[in-house]
>>> print(open('upload.txt').read())   # compact mmCIF, C-alpha atoms and all ligand atoms
# COMPACT_ATOMS: atom_id res chain seq x y z
CA MET A 1007 -6.02 -25.23 22.95
CA SER A 1008 -8.42 -22.34 23.61
CA ALA A 1009 -12.14 -23.09 23.56
CA CYS A 1010 -14.93 -21.02 22.02
CA LEU A 1011 -16.62 -18.93 24.70
CA LYS A 1012 -20.05 -19.57 23.19
CA CYS A 1013 -20.06 -23.26 22.27
CA GLY A 1014 -16.90 -24.83 23.66
CA LEU A 1015 -15.55 -26.00 20.31
CA PRO A 1016 -11.87 -25.26 19.57
CA ALA A 1017 -11.49 -21.49 19.11
CA ALA A 1018 -10.23 -20.19 15.78
CA MET A 1019 -9.55 -16.61 16.85
CA ARG A 1020 -9.25 -14.25 19.75
CA MET A 1021 -11.06 -10.93 19.87
CA GLU A 1022 -8.76 -8.89 22.08
CA TYR A 1023 -11.22 -6.02 22.48
CA THR A 1024 -13.78 -8.27 24.16
CA MET A 1025 -11.20 -10.81 25.38
CA GLN A 1026 -13.33 -13.51 23.73
CA ASP A 1027 -12.13 -16.67 22.03
CA LEU A 1028 -14.51 -17.76 19.27
CA CYS A 1029 -14.84 -20.66 16.84
CA GLY A 1030 -15.41 -19.94 13.16
CA GLY A 1031 -19.14 -20.65 13.29
CA CYS A 1032 -19.83 -18.46 16.32
CA PHE A 1033 -17.69 -15.68 14.85
CA THR A 1034 -19.49 -15.59 11.48
CA ALA A 1035 -22.86 -15.70 13.25
CA GLN A 1036 -21.78 -12.71 15.37
CA PHE A 1037 -20.60 -10.87 12.26
CA GLU A 1038 -23.99 -11.35 10.59
CA ARG A 1039 -25.84 -10.34 13.77
CA ARG A 1040 -23.89 -7.08 13.77
CA VAL A 1041 -24.90 -6.40 10.17
CA ALA A 1042 -28.52 -7.07 11.19
CA LYS A 1043 -28.13 -4.68 14.14
CA THR A 1044 -26.69 -2.02 11.82
CA ASN A 1045 -29.75 -2.53 9.64
CA ARG A 1046 -32.05 -1.98 12.63
CA ASP A 1047 -30.13 0.96 14.13
CA PHE A 1048 -29.83 2.89 10.86
CA SER A 1049 -32.84 1.61 8.84
CA LEU A 1050 -30.68 0.44 5.95
CA LEU A 1051 -32.92 -1.80 3.87
CA ARG A 1052 -36.64 -2.15 3.46
CA ARG A 1053 -39.06 -3.86 1.11
CA GLY A 1054 -39.16 -2.29 -2.32
CA ASP A 1055 -35.55 -1.08 -2.24
CA ILE A 1056 -33.31 -1.47 -5.23
CA VAL A 1057 -29.83 -1.45 -3.75
CA ALA A 1058 -26.70 -0.89 -5.78
CA VAL A 1059 -23.95 -2.76 -3.92
CA GLY A 1060 -20.49 -1.35 -4.49
CA VAL A 1061 -18.10 -4.26 -4.85
CA SER A 1062 -14.38 -3.85 -5.44
CA GLY A 1063 -12.98 -7.37 -5.31
CA GLY A 1064 -11.76 -6.63 -1.79
CA LYS A 1065 -12.75 -8.30 1.47
CA ASP A 1066 -15.14 -5.66 2.82
CA SER A 1067 -17.45 -5.55 -0.15
CA ALA A 1068 -17.32 -9.35 -0.49
CA ALA A 1069 -18.50 -9.78 3.10
CA MET A 1070 -21.10 -7.06 2.53
CA LEU A 1071 -22.61 -8.63 -0.59
CA TYR A 1072 -22.81 -12.02 1.13
CA CYS A 1073 -24.60 -10.57 4.18
CA LEU A 1074 -26.92 -8.30 2.18
CA ASP A 1075 -27.88 -11.20 -0.08
CA LYS A 1076 -28.95 -13.22 2.96
CA MET A 1077 -30.72 -10.25 4.53
CA ALA A 1078 -32.52 -9.29 1.31
CA LYS A 1079 -33.84 -12.82 0.96
CA ARG A 1080 -35.00 -12.81 4.58
CA ILE A 1081 -36.77 -9.45 4.32
CA GLY A 1082 -38.07 -10.06 0.79
CA GLY A 1083 -38.92 -7.59 -1.98
CA ILE A 1084 -35.37 -6.20 -2.16
CA THR A 1085 -33.28 -6.23 -5.34
CA LEU A 1086 -29.49 -6.12 -5.12
CA LYS A 1087 -27.41 -4.86 -8.05
CA PRO A 1088 -23.65 -5.30 -7.63
CA ILE A 1089 -21.64 -2.54 -9.31
CA LEU A 1090 -17.89 -2.17 -9.66
CA ILE A 1091 -16.04 1.08 -10.24
CA ASP A 1092 -12.94 0.56 -12.35
CA GLU A 1093 -10.59 3.46 -11.59
CA GLY A 1094 -8.18 2.34 -14.29
CA ILE A 1095 -5.24 1.39 -12.11
CA GLU A 1096 -3.33 -1.22 -14.04
CA GLY A 1097 -2.18 -4.23 -12.06
CA TYR A 1098 -4.54 -3.44 -9.19
CA ARG A 1099 -8.22 -2.98 -9.97
CA ASN A 1100 -8.19 -5.24 -13.03
CA VAL A 1101 -6.82 -8.03 -10.80
CA ALA A 1102 -9.30 -7.35 -8.00
CA ALA A 1103 -12.17 -7.13 -10.51
CA LEU A 1104 -11.68 -10.80 -11.38
CA LYS A 1105 -12.35 -11.66 -7.74
CA ALA A 1106 -15.46 -9.48 -7.73
CA GLN A 1107 -16.66 -11.27 -10.85
CA GLU A 1108 -16.02 -14.65 -9.21
CA LEU A 1109 -17.89 -13.57 -6.05
CA CYS A 1110 -20.92 -12.37 -7.99
CA SER A 1111 -21.11 -15.60 -10.01
CA GLN A 1112 -20.82 -17.61 -6.79
CA LEU A 1113 -23.74 -15.71 -5.24
CA GLY A 1114 -25.78 -15.68 -8.46
CA TYR A 1115 -25.51 -12.00 -9.40
CA THR A 1116 -24.53 -10.14 -12.56
CA LEU A 1117 -21.80 -7.59 -11.97
CA GLN A 1118 -22.01 -4.27 -13.79
CA THR A 1119 -18.80 -2.30 -14.27
CA PHE A 1120 -18.43 1.48 -14.64
CA SER A 1121 -15.04 3.00 -15.38
CA TYR A 1122 -13.51 6.42 -14.72
CA LYS A 1123 -12.38 6.34 -18.33
CA GLU A 1124 -15.93 6.21 -19.67
CA LEU A 1125 -17.44 8.44 -16.97
CA PHE A 1126 -14.74 11.12 -16.79
CA SER A 1127 -12.71 10.42 -19.97
CA ALA A 1128 -9.58 9.74 -17.89
CA SER A 1129 -8.35 6.72 -15.93
CA MET A 1130 -6.57 7.15 -12.57
CA ASP A 1131 -3.29 6.15 -14.24
CA GLU A 1132 -3.81 8.98 -16.76
CA VAL A 1133 -4.78 11.43 -14.01
CA MET A 1134 -1.61 10.65 -12.08
CA ALA A 1135 0.62 10.87 -15.17
CA ARG A 1136 -0.94 14.22 -16.11
CA ARG A 1137 -0.59 15.55 -12.57
CA ASP A 1138 3.12 14.76 -12.57
CA GLU A 1139 3.58 16.29 -16.05
CA LEU A 1140 1.85 19.54 -15.09
CA ALA A 1141 3.70 19.71 -11.78
CA GLN A 1142 7.02 19.16 -13.54
CA GLU A 1143 6.27 21.87 -16.10
CA GLY A 1144 5.59 24.16 -13.15
CA LYS A 1145 2.35 25.28 -14.77
CA GLU A 1146 1.12 28.46 -13.11
CA GLY A 1147 -1.82 28.10 -10.76
CA PHE A 1148 -1.70 24.31 -10.83
CA THR A 1149 -1.87 22.63 -7.43
CA PRO A 1150 -0.86 18.97 -7.56
CA ARG A 1151 -2.97 16.90 -5.17
CA ILE A 1152 -2.45 13.49 -3.66
CA SER A 1153 -3.98 10.57 -5.56
CA CYS A 1154 -6.69 9.85 -2.99
CA THR A 1155 -8.00 13.41 -3.25
CA TYR A 1156 -8.73 12.99 -6.97
CA CYS A 1157 -9.81 9.38 -6.66
CA GLY A 1158 -12.09 9.98 -3.68
CA VAL A 1159 -14.04 12.67 -5.53
CA PHE A 1160 -14.27 10.64 -8.73
CA ARG A 1161 -15.26 7.46 -6.90
CA LYS A 1162 -18.04 9.12 -4.92
CA GLN A 1163 -19.53 10.57 -8.09
CA ALA A 1164 -18.98 7.40 -10.10
CA LEU A 1165 -20.74 5.29 -7.46
CA ASN A 1166 -23.70 7.64 -7.44
CA LYS A 1167 -23.92 7.74 -11.25
CA ALA A 1168 -23.64 3.95 -11.37
CA ALA A 1169 -26.28 3.49 -8.68
CA LEU A 1170 -28.73 5.77 -10.48
CA GLY A 1171 -27.73 4.11 -13.76
CA VAL A 1172 -28.89 0.70 -12.52
CA GLY A 1173 -32.10 2.25 -11.17
CA ALA A 1174 -31.20 1.98 -7.49
CA ASN A 1175 -32.59 4.17 -4.71
CA LYS A 1176 -29.86 3.09 -2.29
CA LEU A 1177 -26.16 2.55 -2.56
CA ALA A 1178 -24.44 0.16 -0.15
CA VAL A 1179 -20.75 0.78 0.44
CA GLY A 1180 -18.37 -1.49 2.34
CA HIS A 1181 -17.09 1.00 4.91
CA ASN A 1182 -16.19 -0.87 8.11
CA ALA A 1183 -15.57 0.27 11.69
CA ASP A 1184 -11.91 0.99 10.91
CA ASP A 1185 -12.84 3.29 8.01
CA THR A 1186 -15.30 5.17 10.19
CA ALA A 1187 -12.80 5.54 13.06
CA GLN A 1188 -10.19 6.79 10.57
CA THR A 1189 -12.51 9.33 8.98
CA PHE A 1190 -13.55 10.56 12.42
CA MET A 1191 -9.91 11.00 13.49
CA MET A 1192 -8.99 12.68 10.20
CA ASN A 1193 -11.85 15.17 10.56
CA LEU A 1194 -10.65 16.02 14.06
CA MET A 1195 -6.99 16.28 13.04
CA ARG A 1196 -7.87 18.59 10.15
CA SER A 1197 -10.06 20.72 12.41
CA GLU A 1198 -13.17 19.89 10.40
CA PRO A 1199 -15.41 18.58 13.20
CA ALA A 1200 -18.61 19.57 11.39
CA ARG A 1201 -17.85 16.90 8.79
CA ASN A 1202 -18.83 14.36 11.45
CA GLY A 1203 -22.42 15.54 11.04
CA PRO A 1204 -25.23 13.91 9.08
CA MET A 1205 -23.36 13.43 5.81
CA GLY A 1206 -20.95 10.99 7.42
CA SER A 1207 -23.77 8.80 8.62
CA ALA A 1208 -24.19 5.07 8.27
CA GLY A 1209 -27.85 5.05 7.54
CA GLY A 1210 -30.48 5.26 4.91
CA GLU A 1211 -33.97 6.70 5.03
CA GLU A 1212 -37.09 6.43 2.95
CA GLU A 1213 -36.88 9.15 0.33
CA PRO A 1214 -33.47 9.75 -1.25
CA GLN A 1215 -32.54 13.30 -2.08
CA GLU A 1216 -33.19 14.27 -5.69
CA GLY A 1217 -30.24 13.19 -7.85
CA PHE A 1218 -28.69 10.93 -5.21
CA ALA A 1219 -28.94 7.33 -4.16
CA ARG A 1220 -28.87 7.19 -0.35
CA ARG A 1221 -25.61 5.68 0.86
CA VAL A 1222 -25.86 2.92 3.45
CA LYS A 1223 -22.97 1.30 5.31
CA PRO A 1224 -23.91 -2.16 6.55
CA LEU A 1225 -20.42 -2.96 7.92
CA VAL A 1226 -19.88 -0.08 10.37
CA TYR A 1227 -20.16 -2.41 13.37
CA ASN A 1228 -17.47 -4.78 12.09
CA LEU A 1229 -13.71 -4.28 12.07
CA GLU A 1230 -11.60 -4.56 8.93
CA ILE A 1231 -9.81 -7.68 10.19
CA GLU A 1232 -13.23 -9.21 10.92
CA CYS A 1233 -14.29 -8.66 7.31
CA ALA A 1234 -11.20 -10.54 6.16
CA LEU A 1235 -11.83 -13.36 8.66
CA PHE A 1236 -15.45 -13.59 7.55
CA CYS A 1237 -14.48 -13.93 3.87
CA LYS A 1238 -11.87 -16.54 4.66
CA LEU A 1239 -14.27 -18.59 6.80
CA LYS A 1240 -17.08 -18.34 4.22
CA ASN A 1241 -14.70 -19.11 1.35
CA LEU A 1242 -15.57 -15.88 -0.44
CA PRO A 1243 -13.12 -14.85 -3.17
CA PHE A 1244 -11.28 -11.61 -2.39
CA HIS A 1245 -8.14 -9.75 -3.35
CA LEU A 1246 -5.81 -8.51 -0.59
CA GLY A 1247 -3.50 -6.29 -2.61
CA GLY A 1248 -3.09 -2.60 -1.98
CA CYS A 1249 -3.59 0.36 -4.27
CA PRO A 1250 -0.18 1.39 -5.68
CA TYR A 1251 -1.04 5.07 -5.06
CA ALA A 1252 -2.20 4.61 -1.44
CA GLY A 1253 1.24 5.39 0.03
CA GLU A 1254 0.60 9.09 -0.45
CA SER A 1255 -2.38 9.36 1.83
CA PHE A 1256 -3.07 10.94 5.20
CA ARG A 1257 -5.59 8.13 5.72
CA GLY A 1258 -2.73 5.62 5.52
CA TYR A 1259 -0.92 7.44 8.30
CA VAL A 1260 -4.03 7.52 10.52
CA LYS A 1261 -4.70 3.86 9.76
CA ASP A 1262 -1.21 2.81 10.88
CA PHE A 1263 -1.61 4.91 14.00
CA LEU A 1264 -4.97 3.31 14.87
CA ASN A 1265 -3.66 -0.19 14.21
CA GLY A 1266 -0.85 0.49 16.66
CA ALA A 1267 -3.29 1.90 19.19
CA GLU A 1268 -5.59 -1.10 18.83
CA LYS A 1269 -2.66 -3.45 19.50
CA ASN A 1270 -1.65 -1.67 22.70
CA TYR A 1271 -5.12 -0.61 23.82
CA PRO A 1272 -7.63 -3.13 22.42
CA GLY A 1273 -11.04 -1.58 21.87
CA THR A 1274 -9.70 1.78 20.66
CA LYS A 1275 -11.40 1.53 17.26
CA PHE A 1276 -14.84 0.73 18.68
CA ASN A 1277 -14.38 3.44 21.31
CA LEU A 1278 -13.77 5.89 18.48
CA LEU A 1279 -16.81 4.58 16.61
CA HIS A 1280 -19.01 5.12 19.67
CA SER A 1281 -17.53 8.58 20.24
CA PHE A 1282 -18.26 9.37 16.60
CA LEU A 1283 -21.91 8.31 16.90
CA GLU A 1284 -22.36 10.31 20.13
CA ILE A 1285 -20.68 13.43 18.78
CA GLN A 1286 -22.74 13.12 15.62
CA LYS A 1287 -25.90 13.21 17.71
CA GLY A 1288 -24.58 16.32 19.45
CA LEU A 1289 -23.78 17.98 16.12
CA ASN A 1290 -27.27 17.19 14.94
CA GLY A 1291 -28.81 18.92 17.94
CA GLY A 1292 -29.56 15.73 19.82
CA LYS A 1293 -31.60 14.40 16.91
CA SER A 1294 -31.23 10.89 15.60
CA GLN A 1295 -29.26 10.40 12.42
CA LYS A 1296 -32.44 9.84 10.45
CA SER A 1297 -34.03 13.18 11.25
CA ALA A 1298 -30.71 14.95 10.80
CA ILE A 1299 -30.46 13.48 7.32
CA ALA A 1300 -33.96 14.73 6.60
CA ALA A 1301 -32.90 18.22 7.76
CA SER A 1302 -29.77 18.10 5.60
CA ARG A 1303 -32.03 17.69 2.57
CA GLU A 1304 -33.07 21.26 2.99
CA ILE A 1305 -29.54 22.49 2.18
CA PRO A 1306 -29.86 23.82 -1.39
CA MET A 1307 -27.91 21.91 -4.00
CA ALA A 1308 -26.22 23.40 -7.04
CA GLN A 1309 -26.04 21.77 -10.46
CA CYS A 1310 -22.68 21.47 -12.24
CA THR A 1311 -22.59 23.70 -15.30
CA ARG A 1312 -20.44 21.17 -17.15
CA CYS A 1313 -21.79 17.69 -16.36
CA GLY A 1314 -25.10 18.43 -14.66
CA GLU A 1315 -24.20 16.54 -11.49
CA LYS A 1316 -25.86 17.86 -8.31
CA HIS A 1317 -23.34 19.13 -5.75
CA SER A 1318 -23.11 21.11 -2.53
CA GLY A 1319 -22.15 24.31 -4.35
CA ARG A 1320 -18.90 24.75 -2.43
CA SER A 1321 -16.65 24.44 -5.48
CA THR A 1322 -15.71 27.26 -7.82
CA GLY A 1323 -17.14 28.38 -11.16
CA GLY A 1324 -20.37 26.42 -10.87
CA LEU A 1325 -18.46 23.18 -11.43
CA CYS A 1326 -18.74 20.03 -9.36
CA LYS A 1327 -15.52 18.93 -7.67
CA ALA A 1328 -14.86 16.23 -10.30
CA CYS A 1329 -15.18 18.71 -13.17
CA GLU A 1330 -13.01 21.18 -11.27
CA PHE A 1331 -10.23 18.56 -11.08
CA LEU A 1332 -10.73 17.50 -14.71
CA THR A 1333 -10.39 21.13 -15.79
CA GLU A 1334 -7.25 21.65 -13.68
CA LEU A 1335 -5.77 18.53 -15.24
CA GLN A 1336 -6.77 19.69 -18.73
CA PHE A 1337 -9.00 16.71 -19.44
CA ALA A 1338 -11.91 19.10 -19.84
CA MET B 600 11.60 -28.10 14.89
CA LYS B 601 11.15 -26.35 11.59
CA ILE B 602 8.08 -24.60 10.13
CA ARG B 603 7.38 -22.56 7.00
CA VAL B 604 6.02 -19.03 7.33
CA SER B 605 4.41 -17.15 4.49
CA ASN B 606 3.14 -13.56 4.41
CA GLY B 607 1.35 -13.80 1.08
CA LEU B 608 4.35 -12.35 -0.75
CA GLY B 609 7.03 -14.91 0.01
CA LYS B 610 7.92 -17.85 2.21
CA THR B 611 10.64 -18.20 4.80
CA GLU B 612 11.62 -21.06 7.08
CA ASP B 613 11.82 -20.77 10.83
CA GLU B 614 14.28 -23.35 12.14
CA GLY B 615 15.29 -24.41 15.59
CA LEU B 616 11.96 -23.58 17.16
CA GLU B 617 11.37 -25.06 20.57
CA LEU B 618 8.63 -27.60 21.09
CA GLY B 619 5.50 -25.79 22.28
CA THR B 620 6.17 -22.64 20.26
CA THR B 621 2.83 -20.95 19.54
CA VAL B 622 1.63 -18.82 16.64
CA GLN B 623 1.70 -15.83 19.01
CA ASP B 624 5.39 -16.51 19.75
CA VAL B 625 6.18 -16.33 16.02
CA ILE B 626 4.13 -13.12 15.65
CA ASP B 627 6.00 -11.57 18.59
CA SER B 628 9.41 -12.72 17.37
CA ARG B 629 8.72 -10.93 14.08
CA ASN B 630 7.41 -7.87 15.84
CA LEU B 631 4.10 -8.03 13.94
CA ASN B 632 0.71 -6.67 14.96
CA GLY B 633 -1.58 -9.66 15.56
CA GLN B 634 -4.63 -7.37 15.37
CA THR B 635 -4.10 -6.89 11.64
CA LEU B 636 -3.19 -10.46 10.70
CA LEU B 637 -5.22 -13.18 9.07
CA ILE B 638 -3.63 -16.23 10.67
CA SER B 639 -3.84 -19.73 9.23
CA VAL B 640 -2.03 -22.94 9.97
CA ASN B 641 -2.01 -25.48 7.14
CA GLY B 642 -4.71 -23.50 5.36
CA LYS B 643 -7.11 -23.24 8.31
CA ILE B 644 -7.83 -20.08 10.33
CA ALA B 645 -5.97 -20.54 13.60
CA HIS B 646 -6.04 -19.12 17.11
CA PRO B 647 -2.82 -17.35 18.19
CA SER B 648 -2.40 -19.83 21.05
CA THR B 649 -2.12 -22.74 18.58
CA GLU B 650 1.02 -24.79 19.24
CA LEU B 651 3.02 -25.37 16.10
CA LYS B 652 4.26 -28.76 14.96
CA GLU B 653 7.17 -29.85 12.81
CA GLY B 654 6.51 -29.03 9.14
CA ASP B 655 3.53 -26.72 9.76
CA GLU B 656 2.74 -24.08 7.18
CA LEU B 657 1.96 -20.84 8.98
CA GLU B 658 0.43 -18.02 6.99
CA LEU B 659 0.40 -14.50 8.42
CA LEU B 660 -1.45 -12.28 5.95
CA GLY B 661 -1.33 -8.59 6.71
CA VAL B 662 -4.81 -7.13 6.32
CA ILE B 663 -3.85 -3.53 5.88
CA TYR B 664 -5.49 -2.56 2.61
CA GLY B 665 -8.83 -1.18 1.61
CA GLY B 666 -11.50 -3.21 0.04
ZN ZN C 1 -18.40 -21.48 18.94
ZN ZN C 2 -19.45 18.28 -13.14
>>> encode(input="upload.txt", output="structure tokens")
Amino acid sequence: MSACLKCGLPAAMRMEYTMQDLCGGCFTAQFERRVAKTNRDFSLLRRGDIVAVGVSGGKDSAAMLYCLDKMAKRIGGITLKPILIDEGIEGYRNVAALKAQELCSQLGYTLQTFSYKELFSASMDEVMARRDELAQEGKEGFTPRISCTYCGVFRKQALNKAALGVGANKLAVGHNADDTAQTFMMNLMRSEPARNGPMGSAGGEEEPQEGFARRVKPLVYNLEIECALFCKLKNLPFHLGGCPYAGESFRGYVKDFLNGAEKNYPGTKFNLLHSFLEIQKGLNGGKSQKSAIAASREIPMAQCTRCGEKHSGRSTGGLCKACEFLTELQFA
Amino acid sequence: MKIRVSNGLGKTEDEGLELGTTVQDVIDSRNLNGQTLLISVNGKIAHPSTELKEGDELELLGVIYGG
């Protein structure tokens, strides 16, 4: 029987990347310390914040809400508002949403749900059906895209609308170290290194940009498997199922690759995370993330001519990316 | 000895295991990636070096989805 490196009790897990055996108690304490360190390193939460917490029913957001709840109580003067984005994927999100509901009741919060259907007048199931119809018809000028391309754009906008809708100045999302390592790799593999700049950051700062809640990522120092372990050890309700559309994604490919790399070369994911943070500093001219975010605020924003959403102005016809997709798919 | 192994989707039985077989041995025999597994024995999170006993319920949940 292996013993916990910290306290000598029977170990419940082995962290290959540090070659440490830990018991459940020492592991969950370490997990929470890492969230606290993320808070210090990236100035995530401060007194007076109203934080919309994106929960999905999955493990990452469950662990995040638990840790933020504890941290908010410790710091004081912070209000957490759990929000759930219902993409409208039958058999998936509706099942996971029950877990999110259960988690919020357990921790004493009211969950507010926002759906693609009400925000964009189309559910993901409808988007996918329409995409296939239009592709089959061979409609001229129509480019079918993979599910995650549509969903990613809609989700980002939906989360921001929901956060502003509940009066939040910050939006906490459950991105973990795996997600960050994947995004970093994907940016490199697509030859889009500049995307690793300030917008991909983990942190928050004092004044959010007009029209946006500042996104904060309290779980960037914890691995995906650690989020699952944390939930299991803390008895937090979570859903482990996968999105039925996820099979189409490039992210899925990169994720499998990184999981294989982590098995054969433990520590790969954290090495990528550290590389990401260093390269980000380089991209930001040696400045910290916080000042780079402040500089990024000076980039002029455009306003969507259809829905009024603020956007970077890169899309066509004065439309935000979501409206561009909705128009392509003939929902608008 | 005989144990039951579940992956969250279904259960199978592993028979004829030698005394002293560990969770890691089962993971290796199934060619799984231990770095992505939530491992429990009889409902409790377990270390891969845990030696299995007759009738144990081993759960190997693949944590490969978003959340
Ligand atoms: Zn311990
Ligand atoms: Zn728009």
>>> residues_around(input="upload.txt", residues="Glu656 in chain B", least_positions_apart="6", cutoff="10 Å", atoms="all atoms listed in the file", output="MDAnalysis selection string")
chainID B and resid 601:605 610 612 639:643
>>> residues_near_ligand(input="upload.txt", ligand="ligand ZN 1 (chain C)", cutoff="8 Å", atoms="all atoms listed in the file", output="list in words")
Ala1009, Cys1010, Leu1011, Lys1012, Cys1013, Gly1014, Leu1015, Pro1016, Ala1017, Leu1028, Cys1029, Gly1030, Gly1031, Cys1032 and Phe1033 of chain A
>>> residues_around(input="upload.txt", residues="Phe1126 in chain A", least_positions_apart="6", cutoff="10 Å", atoms="all atoms listed in the file", output="PyMOL selection string")
chain A and resi 1160+1163-1164+1313+1328-1329+1332+1337-1338
>>> residues_near_ligand(input="upload.txt", ligand="ligand ZN 2 (chain C)", cutoff="9 Å", atoms="only C-alpha atoms and all ligand atoms", output="list in words")
Gln1309, Cys1310, Thr1311, Arg1312, Cys1313, Gly1314, Glu1315, Lys1316, His1317, Gly1324, Leu1325, Cys1326, Lys1327, Ala1328, Cys1329, Glu1330 and Leu1332 of chain A
>>> interface_residues(input="upload.txt", of="chain A", to="chain B", cutoff="6 Å", atoms="only C-alpha atoms", output="list in words")
Ala1018, Met1019, Gly1064, Lys1065, Asp1066, Ile1231 and Gly1248 of chain A
>>> residues_around(input="upload.txt", residues="Leu616 in chain B", least_positions_apart="3", cutoff="8 Å", atoms="only C-alpha atoms", output="PyMOL selection string")
chain B and resi 600-601+613+620
>>> atom_distance(input="upload.txt", atom1="CA of Lys1176 in chain A", atom2="CA of Ser1121 in chain A")
19.8 Å
>>> residues_around(input="upload.txt", residues="Gln1112 in chain A", least_positions_apart="6", cutoff="12 Å", atoms="all atoms listed in the file", output="list in words")
Ala1068, Leu1071, Tyr1072, Asp1075, Lys1105, Ala1106, Lys1240, Asn1241, Leu1242 and Pro1243 of chain A
>>> atom_distance(input="upload.txt", atom1="CA of Thr1333 in chain A", atom2="CA of Ile1152 in chain A")
16.4 Å
>>> atom_distance(input="upload.txt", atom1="CA of Glu1038 in chain A", atom2="CA of Glu1108 in chain A")
21.6 Å
>>> axis_aligned_box(input="upload.txt", around="range 1073-1087 of chain A", padding_each_side="8 Å", output="lines of an AutoDock Vina configuration file")
center_x = -31.8
center_y = -9.0
center_z = -1.7
size_x = 30.3
size_y = 24.4
size_z = 28.6
>>> closest_residue(input="upload.txt", among="A:Ile1084, A:Leu1090, A:Leu1051, A:Leu1279", to="Gln1188 in chain A", atoms="all atoms listed in the file")
A:Leu1279
>>> closest_residue(input="upload.txt", among="A:Asn1270, A:Ser1255, A:Ser1008, A:Thr1034", to="Arg1151 in chain A", atoms="all atoms listed in the file")
A:Ser1255
>>> residues_around(input="upload.txt", residues="Gly1083 in chain A", least_positions_apart="4", cutoff="8 Å", atoms="only C-alpha atoms", output="VMD selection string")
chain A and resid 1053 to 1055 1078 to 1079
>>> write_last_selection(input="upload.txt", atoms="C-alpha atoms", output="short mmCIF file (atom, residue, chain, number, x, y, z; two decimals), keeping the file's coordinate frame")
data_model
loop_
_atom_site.label_atom_id
_atom_site.label_comp_id
_atom_site.auth_asym_id
_atom_site.auth_seq_id
_atom_site.Cartn_x
_atom_site.Cartn_y
_atom_site.Cartn_z
CA ARG A 1053 -39.06 -3.86 1.11
CA GLY A 1054 -39.16 -2.29 -2.32
CA ASP A 1055 -35.55 -1.08 -2.24
CA ALA A 1078 -32.52 -9.29 1.31
CA LYS A 1079 -33.84 -12.82 0.96
#
